[in-house]
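*Asks:* Once you've had a glance at the structure underneath, I'll fire off some questions.
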Amino acid sequence: MEKILEVKNLHVTFTTYGGTVKAVRGVNFDLFKGETLAIVGESGCGKSVTSNAIMRLIPTPPGEITQGEIIFNGEDVTSFSEKKMRTIRGVDISMIFQDPMTALNPTLTIGNQLMEGLRQHHKVTKETARRKALEMMDLVGIPNPKERLNQYPHQFSGGMRQRIVIAIALICEPELLIADEPTTALDVTIQAQILELFDKIQRETNVSIILITHDLGVVAKVADRIAVMYAGKLIETGTKRELFYNPQHPYTKGLLRSVPRLNMKGEALSPIDGTPPDLFAPPKGCPFAARCDFAMEVCERVYPDDSLKSDTHRVNCWLQDKRAEHLLVINYRNE
Ligand code: SF4
Ligand code: MG
């Protein structure tokens, strides 16, 4: 499979009066053509910062990419000028945000908003742009596109507005689409429709998608692979099957246990006790140690290396590290 994105050892910080927040701390992942990678984690874990870094939308200052590479189609995006980035954003890499209302301009018809992006980046006639806009409206499932092209955002429902936002993001035929909590602001039925739409878009355009979400239900529906993020680090990455059926990291297991299930009569949800660490002064070792039932002395001192469970399944936990086996024995003996 063709790799279109490679994020290598990415570090992002934000400098504030209170100190420096280490929001992303050494993130590594790849993305292949036509796949959907979900980055999952609690709010504040660094998942949005990671996607904003790929788009080079980190406000500098206070933010800064302090280390690492973001290789998109063989070139390191972190070295690009803002001028060069402007030719890539919305063209080769597009982004969809959570709230469809703020993403649209209330004073312009949706036809104009669809055509604007295209005409800014490609020299096309008005007629070609209009045809493409109608095509996109059809792709995202907006009925009667010809009539609706001249309507304003407030004349559409929330779900339809999010479809328009998706159409705008896709009109220049990007290779990479980043969707940050794209269904969070929508009600459950509409959510399901938008997720089906992502599936359809991928089948028809072969775009690669990074989906940022805290919702494992969303992940279960559309992701091919999942990367679990905690306190600025990716702590487990694998195929959907590997992470749902064979999770290795205690945090991933906790996240899965906290998903409500329809067949769970009377069983209590088990959210993970405690809170993530302070990213002004992140712990040296495993950031989950303070909340982990299995924490050993080494966990607090040293960050666990990558352990590979398969070609596609990677986890950072001392429980999976051969070198810690004797420590586990000691731990059990002490009990
Ligand atoms: Fe728990 Fe240690 Fe694994 Fe961290 S490294 S998740 S503290 S067992
Ligand atoms: Mg976010």
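Residue numbers start at 1 in each chain; chains themselves are named A, B, ... in the order of the structure tokens; ligands are numbered from 1 in the order shown.
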Report as a list in words all protein, DNA and RNA residues lying within 7 Å of A:Asp199, evaluated on only C-alpha atoms, omitting residues in the same chain fewer than 4 positions from it.
*Replies:* Leu195, Arg203 and Val222 of chain A
*Asks:* Just C-alpha atoms for this one: save the residues we selected as a PDB file, in the first residue's frame.
*Replies:*
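Wrote out_3.pdb, looks like this:
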ATOM      1  CA  LEU A 195     -20.550   8.356   9.071  1.00  0.00           C
ATOM      2  CA  ARG A 203     -15.220   4.182  -1.757  1.00  0.00           C
ATOM      3  CA  VAL A 222     -15.593   3.930  10.036  1.00  0.00           C
TER       4      VAL A 222
END
*Asks:* Give one line per residue of chain A that approaches ligand 2 to at most 8 Å, naming the two atoms of the closest pair and their distance in Å to one decimal, counting only C-alpha atoms and all ligand atoms; sort by chain then ascending residue number and deliver it as a tab-separated table.
*Replies:*
residue	atom	partner	partner_atom_place_in_ligand_line	distance
A:Ser43	CA	ligand 2	1 (Mg)	6.0
A:Gly44	CA	ligand 2	1 (Mg)	7.0
A:Gly46	CA	ligand 2	1 (Mg)	7.7
A:Lys47	CA	ligand 2	1 (Mg)	6.4
A:Ser48	CA	ligand 2	1 (Mg)	4.5
A:Val49	CA	ligand 2	1 (Mg)	7.6
A:Asp180	CA	ligand 2	1 (Mg)	6.7
A:Glu181	CA	ligand 2	1 (Mg)	7.1
A:Ile212	CA	ligand 2	1 (Mg)	7.5
A:Thr213	CA	ligand 2	1 (Mg)	7.7
*Asks:* Collect all residues with atoms no farther than 7 Å from ligand 1, counting only C-alpha atoms and all ligand atoms, and output them as a ChimeraX atom specification.
*Replies:* /A:249-251,286-289,292-296,299-300,304,316-319
*Asks:* Please report, as an MDAnalysis selection string, each residue of stretch 94-296 of chain A to which DSSP assigns alpha helix (DSSP H) when run on this structure's backbone.
*Replies:* chainID A and resid 100:103 110:121 126:139 145:148 158:170 188:205 216:222 240:245 250:257
*Asks:* Please, what distance in Å, to one decimal, runs between atom CA of A:Thr16 and atom CA of A:Ser81?
*Replies:* 24.8 Å
*Asks:* From a DSSP calculation on the backbone, collect every residue of stretch 120-289 of chain A in strand (DSSP E) and output the set as a list in words.
*Replies:*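 After running DSSP on the backbone, stretch 120-289 of chain A has strand (DSSP E) at Leu176, Leu177, Ile178, Ala179, Asp180, Ser208, Ile209, Ile210, Leu211, Ile212, Thr213, Arg225, Ile226, Ala227, Val228, Met229, Tyr230, Lys233, Leu234, Ile235, Glu236, Thr237, Gly238 and Thr239 of chain A.
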*Asks:* Which one is closest to A:Pro106: A:Thr78, A:Asn28, A:Thr60, A:Gln151? Count only C-alpha atoms.
*Replies:* A:Gln151
*Asks:* Ranking A:Ala192, A:Leu5, A:Ile201, A:Ile93 by minimum distance to A:Ile178 and counting only C-alpha atoms, which one comes first?
*Replies:*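 Of A:Ala192, A:Leu5, A:Ile201, A:Ile93, the one nearest A:Ile178 is A:Ile93, counting only C-alpha atoms.
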*Asks:* Which of these, A:Ser51, A:Thr205, A:Thr252, A:Thr36, has the shortest distance to A:Val24 once you count only C-alpha atoms?
*Replies:* A:Ser51
*Asks:* Would you mind listing what lies within 10 Å of A:Glu236 as a list in words, with only C-alpha atoms counted and same-chain residues fewer than 6 positions away left out?
*Replies:*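 These residues fall inside the cut-off: Ile226, Ala227, Val228, Met229, Tyr230, Leu243, Pro247, Gln248, His249, Pro250, Tyr251, Thr252, Asp306, Ser307, Leu308, His313, Arg314, Val315, Asn316 and Cys317 of chain A.
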*Asks:* A:Met160, A:Ile71, A:Ile171, A:Val77: which is nearest A:Gln113, counting only C-alpha atoms?
*Replies:*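 Of A:Met160, A:Ile71, A:Ile171, A:Val77, the one nearest A:Gln113, counting only C-alpha atoms, is A:Ile171.
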*Asks:* If you take only C-alpha atoms and a cut-off of 12 Å, which residues of stretch 106-216 of chain A touch stretch 82-89 of chain A, and what are their nearest atom pairs and distances in Å to one decimal, in chain and number order, as a tab-separated table?
*Replies:*
residue	atom	partner	partner_atom	distance
A:Gly117	CA	A:Arg89	CA	10.3
A:Leu118	CA	A:Thr87	CA	11.7
A:Gln120	CA	A:Thr87	CA	9.6
A:His121	CA	A:Thr87	CA	7.2
A:His122	CA	A:Thr87	CA	10.2
A:Ala169	CA	A:Arg89	CA	9.8
A:Leu170	CA	A:Arg89	CA	11.5
A:Cys172	CA	A:Arg89	CA	10.1
A:Glu173	CA	A:Ile88	CA	11.5
A:Pro174	CA	A:Ile88	CA	8.9
A:Glu175	CA	A:Ile88	CA	10.3
A:Leu176	CA	A:Arg89	CA	10.0
A:Leu177	CA	A:Arg89	CA	10.2
A:Ile178	CA	A:Arg89	CA	10.9
*Asks:* Generate a file of the selected residues that holds C-alpha atoms, formatted as a CSV table (one decimal), in the first residue's frame.
*Replies:*
chain,number,residue,atom,x,y,z
A,117,GLY,CA,-12.4,27.2,-3.0
A,118,LEU,CA,-12.2,25.7,-6.4
A,120,GLN,CA,-9.1,30.2,-5.8
A,121,HIS,CA,-6.9,27.3,-6.4
A,122,HIS,CA,-7.7,26.2,-10.0
A,169,ALA,CA,-13.6,20.1,1.9
A,170,LEU,CA,-13.7,17.7,-1.1
A,172,CYS,CA,-10.5,20.3,-4.8
A,173,GLU,CA,-10.1,16.5,-4.6
A,174,PRO,CA,-7.7,16.4,-1.7
A,175,GLU,CA,-5.6,13.3,-1.0
A,176,LEU,CA,-6.0,13.7,2.7
A,177,LEU,CA,-9.1,14.7,4.7
A,178,ILE,CA,-8.8,15.5,8.4
*Asks:* Extract, using only C-alpha atoms, all DNA, RNA and protein residues at most 7 Å from stretch 131-138 of chain A, discarding same-chain residues fewer than 3 positions from it, and format them as an mmCIF file with N, CA and C atoms, in the first residue's frame.
*Replies:*
data_model
loop_
_atom_site.group_PDB
_atom_site.id
_atom_site.type_symbol
_atom_site.label_atom_id
_atom_site.label_comp_id
_atom_site.auth_asym_id
_atom_site.auth_seq_id
_atom_site.Cartn_x
_atom_site.Cartn_y
_atom_site.Cartn_z
ATOM 1 N N GLY A 111 -23.617 27.760 -2.895
ATOM 2 C CA GLY A 111 -23.009 27.620 -4.225
ATOM 3 C C GLY A 111 -21.729 28.434 -4.313
ATOM 4 N N LEU A 114 -18.978 26.872 -2.226
ATOM 5 C CA LEU A 114 -18.411 25.686 -2.863
ATOM 6 C C LEU A 114 -17.459 26.081 -4.001
ATOM 7 N N MET A 115 -17.899 27.056 -4.803
ATOM 8 C CA MET A 115 -17.114 27.419 -5.994
ATOM 9 C C MET A 115 -15.881 28.243 -5.632
ATOM 10 N N GLU A 127 -18.678 28.289 -15.176
ATOM 11 C CA GLU A 127 -19.563 27.196 -15.544
ATOM 12 C C GLU A 127 -19.010 25.846 -15.048
ATOM 13 N N THR A 128 -17.696 25.650 -15.222
ATOM 14 C CA THR A 128 -17.069 24.416 -14.739
ATOM 15 C C THR A 128 -17.190 24.324 -13.227
ATOM 16 N N GLY A 141 -25.001 13.917 -0.923
ATOM 17 C CA GLY A 141 -26.402 13.593 -0.661
ATOM 18 C C GLY A 141 -27.292 14.772 -0.329
ATOM 19 N N ILE A 142 -27.136 15.893 -1.034
ATOM 20 C CA ILE A 142 -28.066 17.012 -0.857
ATOM 21 C C ILE A 142 -29.086 16.964 -1.992
ATOM 22 N N PRO A 145 -29.946 19.642 -5.861
ATOM 23 C CA PRO A 145 -28.797 20.560 -5.811
ATOM 24 C C PRO A 145 -28.999 21.845 -6.620
ATOM 25 N N LYS A 146 -29.657 21.734 -7.783
ATOM 26 C CA LYS A 146 -29.790 22.931 -8.638
ATOM 27 C C LYS A 146 -30.549 24.043 -7.929
ATOM 28 N N ALA A 167 -18.614 18.716 1.478
ATOM 29 C CA ALA A 167 -18.510 18.963 0.030
ATOM 30 C C ALA A 167 -17.453 20.026 -0.268
ATOM 31 N N ILE A 171 -14.046 19.469 -2.651
ATOM 32 C CA ILE A 171 -14.234 19.949 -4.032
ATOM 33 C C ILE A 171 -12.927 20.035 -4.823
#
*Asks:* Counting only C-alpha atoms, figure out which residue out of A:Ile235, A:Leu108, A:Val12, A:Ile190 gets nearest to A:Leu149.
*Replies:* A:Leu108
*Asks:* Which distance in Å separates atom CA of A:Ala38 and atom CA of A:Arg163, to one decimal?
*Replies:* 19.7 Å
*Asks:* Separation of atom CA of A:Ser258 and atom CA of A:Pro271, in Å?
*Replies:* 4.8 Å
